[in-house]
Amino acid sequence: MSLTRLAIKSLLLRPARTLLTIVSVAASVAVLFSLLSFNSGYQEGLQKQMQQMGVHLMVVPIGCPYEAASLVLEGGEIENYLNESVAEEIAGMEGVAIAAPSLMHAIVRPEDGRTDIYLGVDEKHLELKNWWRLNDGEKPGPGLLSEDDAVLLGWDAALIEKREAIGERIWVPEIESEFSVTGILEPTGTQDDGFFYVPLRTAQEQFGLEGKITAVQVRLTDPSMAAEVADALDARFAGVEIIRMEELLGSMTALMDSARALIFAIVAVVIAISGVGVLNTMLMSVFERTREIGVLRATGAGRLHIFSLVWTETLALTVIGGVTGLGLAAVAARGVEAVIKRFVPMAPQEAMTRFDPHAALICVLAILGVGLVAGIYPSLRAAQIRTIEALRSE
Amino acid sequence: MARGVHLTDHRNKGWFIVTRNGQLVHATGLSRTYTVGRREIPALRGVDFSINRGEFVVLLGPSGAGKTTTLNLVGGLDRPTGGSLSVAGEVVADGSVHAKESRLNALRREHLGFVFAEFHLLPTLSALENVQVPLIWADESGRDRAEALLCRVGLGHRLTHRPDELSGGEMQRVALARALINQPALLLADEPTANLDTNTRDEIFGLLRELSDEGLAILFATHDHELAERGDTVLRLSDGVIVHD
């Protein structure tokens, strides 16, 4: 028989109350751990996705540049357009390696619960996305978009359309046109997987936007010259927004930091409340066990023994709750991620929550701190109980 | 009743406590007055007594006579307001000088055992674990000794039972084993048979008598005259003083 065993057994005196306290601690730890894990995964995933784009600058119609960038990245309809000539002029500027124009159009199908994003692109887009591979392992060549009715499917788009073979036809009733599948891309883990890529000229004709584009994605010969090229573009073109991708990443991160600060403040309050709950549970336990404490004193326990016993009980309560919370968070990580992704800007496609030992350590230390602090007052009260009065109590 | 274990096999420590005057407990002019508001209520008024090793001393008296107060003072649970008291070689009080609390804790841990009328077992622990509780404070395990003691008090088949699975007599036997686990020199028993039926009362008392015969000193508080007659020495308490026939 040890003090720890006695402490844990004492927690079983009121199993329902103990269980509720453990659940409250577990819930707060699970939330804290999920947020910590998601936060680091989000930043890494966002950075990776930005780097994978191979785009250093983005030129979009004037408006909220970040909203426009987000729409281009995630797929959505941009109301304003640029003239196609802008892309040609940018391509001729110093320091520009590739200037790839694109026209994005969304076809909404509410009855199927889906929105198909058609992206009109030319061979420069394939040049820009030089890491793309077809599902047969080949690199996509310009011939894939040479025919007017050609469509290159992203991996997810092919799954949604249930198309697997080259030459299969896709009928689009909204524009009364039929496309022929010329290739299916390997999954990239980005928004690219969900798009239908058609020739730029075809998209402009089919959507009634001749000579218009929604964005020009620019790769530079030297990425460190992004600021200078952006200034030059800004001076040359009126009515356009120039977005540096590194700025976009910084803005998104700053936005996330603000949201994170708010969320952590809420989590801190939740943890504090669970700490008060633990304190309350232990204080009630001490009051109820006054006579038991008297008996322990009669058997030779000193005040320090009683203090240690109650403190150990509190720590056991919080540690059990903390470990349960970590387990819950690990099991429910994907579900939590799906919920959080709805509320954060530009959430990367890939899985972001994972078991982060550093985050787990922070959670364990936080909950140990809560347990240590919450246990002090009940432990002191228990240690101060006078033995003969305790033995007389009911 | 199982007799496989003799008390003296595992309580040598208690046997060899020698005090200055050869007595285990020596009280002179022992007093305890409680203050309630402005009123002073004397619970014990200058009693003298001593207890020798292996002596079975009965404190006899009605409720309020001062029996529990005496036990609390001897057990170091309370401090006298007058007189001197030494227990197992420790000067608990000498006039206004009192032993430190840590010394009294050690005294209880090493030399004293308590049994109460209401058993006071911990409800979430088994009989075996209840008996082991006092050893926690001494950082000892003593599982074998606890098992042996439970066998000795006739509960070898009830080791894993919790208090709510035991009868009143069985609970008191567990409490007795718990009081003996630290191999005490003196057992302080506060009306331990008060909540038991006559047969069980006699069994428990008989067990205590055996323990005393083996060398354990016992201070037994009761209001039961019949039981008192079976002790070695009877101290009749009335209104906080010892009365003599």
# chains A, B, ... in the order shown; residues from 1 in each chain; ligands from 1

call {"tool": "residues_around", "arguments": {"residues": "stretch 281-283 of chain A", "least_positions_apart": "3", "cutoff": "7 Å", "atoms": "only C-alpha atoms", "output": "ChimeraX atom specification"}}
result
/A:277-278,286-287,314,378

call {"tool": "residues_around", "arguments": {"residues": "B:Ala43", "least_positions_apart": "2", "cutoff": "8 Å", "atoms": "only C-alpha atoms", "output": "ChimeraX atom specification"}}
result
/B:31-34,41,45,64-66,69,239-240

call {"tool": "write_last_selection", "arguments": {"atoms": "N, CA, C and O atoms", "output": "mmCIF file, in the first residue's frame"}}
result
data_model
loop_
_atom_site.group_PDB
_atom_site.id
_atom_site.type_symbol
_atom_site.label_atom_id
_atom_site.label_comp_id
_atom_site.auth_asym_id
_atom_site.auth_seq_id
_atom_site.Cartn_x
_atom_site.Cartn_y
_atom_site.Cartn_z
ATOM 1 N N SER B 31 -4.816 17.048 33.556
ATOM 2 C CA SER B 31 -6.041 17.856 33.470
ATOM 3 C C SER B 31 -6.282 18.292 32.028
ATOM 4 O O SER B 31 -5.342 18.469 31.252
ATOM 5 N N ARG B 32 -7.555 18.459 31.720
ATOM 6 C CA ARG B 32 -7.911 19.053 30.419
ATOM 7 C C ARG B 32 -9.171 19.868 30.616
ATOM 8 O O ARG B 32 -10.218 19.358 31.032
ATOM 9 N N THR B 33 -9.035 21.155 30.340
ATOM 10 C CA THR B 33 -10.195 22.055 30.448
ATOM 11 C C THR B 33 -10.468 22.656 29.079
ATOM 12 O O THR B 33 -9.554 23.165 28.424
ATOM 13 N N TYR B 34 -11.695 22.559 28.646
ATOM 14 C CA TYR B 34 -12.079 23.153 27.353
ATOM 15 C C TYR B 34 -12.683 24.530 27.599
ATOM 16 O O TYR B 34 -13.377 24.752 28.593
ATOM 17 N N ILE B 41 -14.835 24.524 30.722
ATOM 18 C CA ILE B 41 -15.469 23.246 31.062
ATOM 19 C C ILE B 41 -14.378 22.226 31.363
ATOM 20 O O ILE B 41 -13.656 21.796 30.447
ATOM 21 N N ARG B 45 -9.826 16.330 35.618
ATOM 22 C CA ARG B 45 -9.368 17.213 36.695
ATOM 23 C C ARG B 45 -8.322 16.529 37.568
ATOM 24 O O ARG B 45 -8.643 15.904 38.566
ATOM 25 N N GLY B 64 -19.450 11.342 29.280
ATOM 26 C CA GLY B 64 -19.072 12.653 29.823
ATOM 27 C C GLY B 64 -18.165 12.569 31.024
ATOM 28 O O GLY B 64 -17.792 13.605 31.601
ATOM 29 N N ALA B 65 -17.769 11.381 31.415
ATOM 30 C CA ALA B 65 -16.926 11.235 32.608
ATOM 31 C C ALA B 65 -15.473 11.613 32.341
ATOM 32 O O ALA B 65 -14.719 11.909 33.266
ATOM 33 N N GLY B 66 -15.077 11.589 31.064
ATOM 34 C CA GLY B 66 -13.696 11.961 30.723
ATOM 35 C C GLY B 66 -12.899 10.817 30.104
ATOM 36 O O GLY B 66 -11.673 10.917 29.961
ATOM 37 N N THR B 69 -11.512 11.799 26.605
ATOM 38 C CA THR B 69 -10.497 12.837 26.805
ATOM 39 C C THR B 69 -9.187 12.208 27.257
ATOM 40 O O THR B 69 -8.105 12.558 26.772
ATOM 41 N N ASP B 239 -17.056 12.596 36.362
ATOM 42 C CA ASP B 239 -16.876 14.056 36.258
ATOM 43 C C ASP B 239 -15.416 14.461 36.189
ATOM 44 O O ASP B 239 -14.985 15.439 36.833
ATOM 45 N N GLY B 240 -14.617 13.699 35.492
ATOM 46 C CA GLY B 240 -13.228 14.079 35.238
ATOM 47 C C GLY B 240 -12.268 13.723 36.356
ATOM 48 O O GLY B 240 -11.100 14.164 36.299
#

call {"tool": "interface_residues", "arguments": {"of": "chain A", "to": "chain B", "cutoff": "8 Å", "atoms": "only C-alpha atoms", "output": "list in words"}}
result
Met1, Ser2, Leu3, Lys9, Ser10, Leu12, Leu13, Glu292, Val295, Leu296, Arg297, Ala298, Thr299, Gly300, Ala301, Gly302, His305, Thr387 and Ile388 of chain A

call {"tool": "residues_around", "arguments": {"residues": "A:Val218", "least_positions_apart": "2", "cutoff": "10 Å", "atoms": "only C-alpha atoms", "output": "ChimeraX atom specification"}}
result
/A:54-59,87,90-91,96-101,125,128,215-216,220-221,226,244

call {"tool": "atom_distance", "arguments": {"atom1": "atom CA of B:Arg145", "atom2": "atom CA of B:Ala177"}}
result
9.7 Å

call {"tool": "select_by_dssp", "arguments": {"residues": "stretch 27-138 of chain B", "states": "helix (DSSP H, G or I)", "output": "list in words"}}
result
Lys67, Thr68, Thr69, Thr70, Leu71, Asn72, Leu73, Val74, Glu101, Ser102, Arg103, Leu104, Asn105, Ala106, Leu107, Arg108, Arg109, Glu110, His111, Ala127, Leu128, Glu129, Asn130, Val131, Gln132, Val133, Pro134, Leu135 and Ile136 of chain B

call {"tool": "write_last_selection", "arguments": {"atoms": "N, CA and C atoms", "output": "mmCIF file, in the first residue's frame"}}
result
data_model
loop_
_atom_site.group_PDB
_atom_site.id
_atom_site.type_symbol
_atom_site.label_atom_id
_atom_site.label_comp_id
_atom_site.auth_asym_id
_atom_site.auth_seq_id
_atom_site.Cartn_x
_atom_site.Cartn_y
_atom_site.Cartn_z
ATOM 1 N N LYS B 67 -13.576 9.736 29.727
ATOM 2 C CA LYS B 67 -12.865 8.565 29.185
ATOM 3 C C LYS B 67 -12.175 8.906 27.860
ATOM 4 N N THR B 68 -12.947 9.457 26.906
ATOM 5 C CA THR B 68 -12.373 9.759 25.583
ATOM 6 C C THR B 68 -11.292 10.831 25.704
ATOM 7 N N THR B 69 -11.512 11.799 26.605
ATOM 8 C CA THR B 69 -10.497 12.837 26.805
ATOM 9 C C THR B 69 -9.187 12.208 27.257
ATOM 10 N N THR B 70 -9.295 11.253 28.186
ATOM 11 C CA THR B 70 -8.087 10.573 28.666
ATOM 12 C C THR B 70 -7.381 9.842 27.525
ATOM 13 N N LEU B 71 -8.162 9.121 26.736
ATOM 14 C CA LEU B 71 -7.578 8.392 25.606
ATOM 15 C C LEU B 71 -6.914 9.360 24.620
ATOM 16 N N ASN B 72 -7.591 10.476 24.337
ATOM 17 C CA ASN B 72 -7.021 11.456 23.402
ATOM 18 C C ASN B 72 -5.711 12.036 23.918
ATOM 19 N N LEU B 73 -5.652 12.270 25.227
ATOM 20 C CA LEU B 73 -4.416 12.827 25.796
ATOM 21 C C LEU B 73 -3.283 11.802 25.737
ATOM 22 N N VAL B 74 -3.600 10.568 26.145
ATOM 23 C CA VAL B 74 -2.569 9.518 26.116
ATOM 24 C C VAL B 74 -2.110 9.256 24.674
ATOM 25 N N GLU B 101 4.412 18.514 17.845
ATOM 26 C CA GLU B 101 3.430 17.703 17.137
ATOM 27 C C GLU B 101 4.096 16.564 16.375
ATOM 28 N N SER B 102 5.254 16.839 15.801
ATOM 29 C CA SER B 102 5.937 15.793 15.026
ATOM 30 C C SER B 102 6.321 14.611 15.915
ATOM 31 N N ARG B 103 6.652 14.906 17.191
ATOM 32 C CA ARG B 103 6.998 13.830 18.131
ATOM 33 C C ARG B 103 5.752 13.000 18.470
ATOM 34 N N LEU B 104 4.625 13.708 18.605
ATOM 35 C CA LEU B 104 3.381 12.991 18.916
ATOM 36 C C LEU B 104 2.939 12.124 17.734
ATOM 37 N N ASN B 105 3.140 12.667 16.503
ATOM 38 C CA ASN B 105 2.827 11.861 15.312
ATOM 39 C C ASN B 105 3.674 10.591 15.303
ATOM 40 N N ALA B 106 4.954 10.769 15.618
ATOM 41 C CA ALA B 106 5.878 9.620 15.623
ATOM 42 C C ALA B 106 5.493 8.631 16.724
ATOM 43 N N LEU B 107 5.055 9.186 17.868
ATOM 44 C CA LEU B 107 4.625 8.325 18.986
ATOM 45 C C LEU B 107 3.468 7.425 18.543
ATOM 46 N N ARG B 108 2.482 8.029 17.876
ATOM 47 C CA ARG B 108 1.329 7.238 17.405
ATOM 48 C C ARG B 108 1.763 6.238 16.332
ATOM 49 N N ARG B 109 2.646 6.700 15.465
ATOM 50 C CA ARG B 109 3.076 5.862 14.346
ATOM 51 C C ARG B 109 3.841 4.631 14.834
ATOM 52 N N GLU B 110 4.623 4.828 15.889
ATOM 53 C CA GLU B 110 5.559 3.767 16.297
ATOM 54 C C GLU B 110 5.101 2.944 17.493
ATOM 55 N N HIS B 111 4.343 3.546 18.389
ATOM 56 C CA HIS B 111 4.093 2.851 19.656
ATOM 57 C C HIS B 111 2.634 2.670 20.026
ATOM 58 N N ALA B 127 -10.107 -5.122 3.172
ATOM 59 C CA ALA B 127 -9.696 -5.354 4.563
ATOM 60 C C ALA B 127 -8.170 -5.310 4.671
ATOM 61 N N LEU B 128 -7.507 -5.972 3.731
ATOM 62 C CA LEU B 128 -6.041 -6.012 3.752
ATOM 63 C C LEU B 128 -5.435 -4.616 3.610
ATOM 64 N N GLU B 129 -5.992 -3.833 2.686
ATOM 65 C CA GLU B 129 -5.465 -2.477 2.466
ATOM 66 C C GLU B 129 -5.721 -1.585 3.669
ATOM 67 N N ASN B 130 -6.899 -1.740 4.297
ATOM 68 C CA ASN B 130 -7.185 -0.953 5.503
ATOM 69 C C ASN B 130 -6.153 -1.211 6.585
ATOM 70 N N VAL B 131 -5.796 -2.489 6.728
ATOM 71 C CA VAL B 131 -4.817 -2.837 7.769
ATOM 72 C C VAL B 131 -3.453 -2.226 7.460
ATOM 73 N N GLN B 132 -3.136 -2.093 6.179
ATOM 74 C CA GLN B 132 -1.820 -1.579 5.790
ATOM 75 C C GLN B 132 -1.692 -0.055 5.885
ATOM 76 N N VAL B 133 -2.818 0.646 6.041
ATOM 77 C CA VAL B 133 -2.790 2.112 5.997
ATOM 78 C C VAL B 133 -1.731 2.744 6.932
ATOM 79 N N PRO B 134 -1.647 2.338 8.212
ATOM 80 C CA PRO B 134 -0.668 3.008 9.082
ATOM 81 C C PRO B 134 0.780 2.859 8.595
ATOM 82 N N LEU B 135 1.022 1.822 7.800
ATOM 83 C CA LEU B 135 2.398 1.606 7.327
ATOM 84 C C LEU B 135 2.787 2.600 6.239
ATOM 85 N N ILE B 136 1.779 3.219 5.612
ATOM 86 C CA ILE B 136 2.087 4.218 4.568
ATOM 87 C C ILE B 136 2.937 5.326 5.153
#

call {"tool": "atom_distance", "arguments": {"atom1": "atom CA of A:Asp222", "atom2": "atom CA of A:Leu248"}}
result
18.3 Å

call {"tool": "select_by_dssp", "arguments": {"residues": "stretch 236-348 of chain A", "states": "strand (DSSP E or B)", "output": "PyMOL selection string"}}
result
chain A and resi 240-244

call {"tool": "residues_around", "arguments": {"residues": "stretch 50-56 of chain B", "least_positions_apart": "5", "cutoff": "8 Å", "atoms": "only C-alpha atoms", "output": "list in words"}}
result
Trp15, Gly22, Gln23, Leu24, Val25, His26, Ala27, Ala185, Leu186, Arg209, Ser212, Asp213, Glu214, Gly215, Leu216, Ala217, Ile218, Leu219, Phe220, Gly231, Asp232 and Thr233 of chain B

call {"tool": "atom_distance", "arguments": {"atom1": "atom CA of A:His105", "atom2": "atom CA of A:Pro199"}}
result
12.7 Å

call {"tool": "closest_residue", "arguments": {"among": "B:Thr193, B:Ile204, B:Ala148, B:Thr222", "to": "B:Leu237", "atoms": "only C-alpha atoms"}}
result
B:Thr222

call {"tool": "residues_around", "arguments": {"residues": "A:Gly375", "least_positions_apart": "3", "cutoff": "7 Å", "atoms": "only C-alpha atoms", "output": "MDAnalysis selection string"}}
result
chainID A and resid 279 311 314 371:372 378:379
